[in-house]
Amino acid sequence: MMEPGLYHILFISAGLFFIGVYGFLTRRNLITMLMSIELILNSVNLNFIAFNKYLWPGKLDGLFFTIFIIAIAAAEAAVAIAIIINLYRTHRSIDVEDAEQLKY
Amino acid sequence: MTGSTFIFYMLAALTLVSGFLSVTSRQIFRAAIYLLFSLLGIAGLYFWMQYEFIAAVQIVVYVGGITVLIIFSIFLTQQAGELLAVQKAGRKLFAALASFCAFGITMLQVYQHSFINAADNNVMEASVTNIGTQMLSTTQGGYALPFELVSILLLAALIGCIVIAMRLKPVNQ
């Protein structure tokens, strides 16, 4: 067990990112796909904070990127859930396989 | 092993294990709760890195806001006790293989790369005073313009959500 540093945090964030990618590829329910996207966005935030702390401690730029990503992710989640609920109202299902009207 | 190292590994395990459970659990409500613990683990990592403000924002926005929103939408759209459909084994295998290989390649690149520290040694403390001053500063390095843009984006999202979720009355009576 080594003293944790930048590489450890990069490992966690890469792991979380690809867990999110795995969930995004396997899930077919829109809400669980949204959860996977949240995991991916959080791994990116963790990366920004780690780089700010370990490589560029004299500035706070990574922290500001994280704040803006959190704000945009909140807006994205709200719009996505509005769309999902509207889809459920018209299709009675939130499975992506059932929402295929634009395909044909 | 010091206490700080121990706490770090505990938080890392909490984040990764509950993140993995949240994308594999077949009960959607449990998946949301595992997601909540994963986000809490990330907030703990921010505390561990001594970025207290961003950790507080993470807890307020993600744990208190987005997870609750997701749980509400689960209640609105799912039948009680219904399990998520099992995916085809081929699709699962392919997805696991693709993400694991991509993870391996990424970590290989990261470990081969040696990161260079910035030249200056002075540490700017991530206190609320420093963050607020720089956030609203219009001089070089200030973030006043993105701040205003994000406020417009949030307003647009607010109006957009209402318009999307609004039930239109039928025109012909």
# chains A, B, ... in the order shown; residues from 1 in each chain; ligands from 1

$ residues_around --residues "Phe24 (chain A)" --least-positions-apart "4" --cutoff "7 Å" --atoms "only C-alpha atoms" --output "ChimeraX atom specification"
/A:20,33,36

$ closest_atom_pairs --of "chain B" --to "chain A" --cutoff "7 Å" --atoms "only C-alpha atoms" --output "Markdown table"
| residue | atom | partner | partner_atom | distance |
| --- | --- | --- | --- | --- |
| B:Thr5 | CA | A:Glu3 | CA | 6.2 |
| B:Ala12 | CA | A:Ile12 | CA | 6.6 |
| B:Leu16 | CA | A:Leu16 | CA | 6.3 |
| B:Gly19 | CA | A:Leu16 | CA | 6.9 |
| B:Phe20 | CA | A:Ile19 | CA | 6.1 |
| B:Val23 | CA | A:Gly23 | CA | 4.9 |
| B:Ile66 | CA | A:Ala74 | CA | 6.7 |
| B:Ser73 | CA | A:Ile81 | CA | 6.9 |
| B:Thr77 | CA | A:Tyr88 | CA | 6.6 |
| B:Gln87 | CA | A:Thr26 | CA | 6.9 |
| B:Arg91 | CA | A:Thr26 | CA | 6.7 |
| B:Lys92 | CA | A:Thr26 | CA | 5.9 |
| B:Ala95 | CA | A:Tyr22 | CA | 5.6 |
| B:Ala96 | CA | A:Tyr22 | CA | 6.1 |
| B:Ser99 | CA | A:Phe18 | CA | 5.4 |
| B:Phe103 | CA | A:Phe18 | CA | 6.3 |
| B:Met107 | CA | A:Phe11 | CA | 6.9 |
| B:Ile116 | CA | A:Leu55 | CA | 6.9 |
| B:Asn117 | CA | A:Leu55 | CA | 4.6 |
| B:Ala118 | CA | A:Trp56 | CA | 5.3 |
| B:Asp120 | CA | A:Gly58 | CA | 6.6 |
| B:Asn121 | CA | A:Gly58 | CA | 6.8 |
| B:Asn122 | CA | A:Gly58 | CA | 5.4 |
| B:Val123 | CA | A:Gly58 | CA | 4.6 |
| B:Met124 | CA | A:Gly58 | CA | 4.9 |
| B:Leu154 | CA | A:Ala75 | CA | 6.0 |
| B:Ala157 | CA | A:Ala75 | CA | 5.7 |
| B:Gly160 | CA | A:Val79 | CA | 7.0 |
| B:Cys161 | CA | A:Val79 | CA | 5.3 |
| B:Ile164 | CA | A:Ala82 | CA | 6.2 |
| B:Ala165 | CA | A:Ala82 | CA | 5.4 |

$ closest_residue --among "A:Glu97, A:Gly62, A:Leu102, A:Leu30" --to "Phe48 (chain A)" --atoms "only C-alpha atoms"
A:Gly62

$ residues_around --residues "Thr15 (chain B)" --least-positions-apart "5" --cutoff "8 Å" --atoms "only C-alpha atoms" --output "short mmCIF file (atom, residue, chain, number, x, y, z; two decimals) with N, CA and C atoms, in the first residue's frame"
data_model
loop_
_atom_site.label_atom_id
_atom_site.label_comp_id
_atom_site.auth_asym_id
_atom_site.auth_seq_id
_atom_site.Cartn_x
_atom_site.Cartn_y
_atom_site.Cartn_z
N LEU A 16 -13.95 4.62 -12.69
CA LEU A 16 -15.34 5.09 -12.62
C LEU A 16 -15.87 5.42 -14.02
N PHE B 37 -24.34 6.36 -3.00
CA PHE B 37 -23.15 6.09 -2.20
C PHE B 37 -21.88 6.36 -2.99
N SER B 38 -21.93 6.08 -4.29
CA SER B 38 -20.76 6.37 -5.11
C SER B 38 -20.48 7.87 -5.14
N LEU B 39 -21.53 8.67 -5.28
CA LEU B 39 -21.34 10.12 -5.30
C LEU B 39 -20.85 10.62 -3.94
N LEU B 40 -21.33 9.99 -2.86
CA LEU B 40 -20.84 10.36 -1.53
C LEU B 40 -19.37 10.03 -1.38
N GLY B 41 -18.95 8.89 -1.96
CA GLY B 41 -17.53 8.54 -1.92
C GLY B 41 -16.68 9.56 -2.64
N ILE B 42 -17.19 10.06 -3.78
CA ILE B 42 -16.44 11.09 -4.50
C ILE B 42 -16.37 12.36 -3.68
#

$ residues_around --residues "Tyr143 (chain B)" --least-positions-apart "4" --cutoff "10 Å" --atoms "only C-alpha atoms" --output "PyMOL selection string"
(chain A and resi 61+64-65) or (chain B and resi 131-139+147-148)
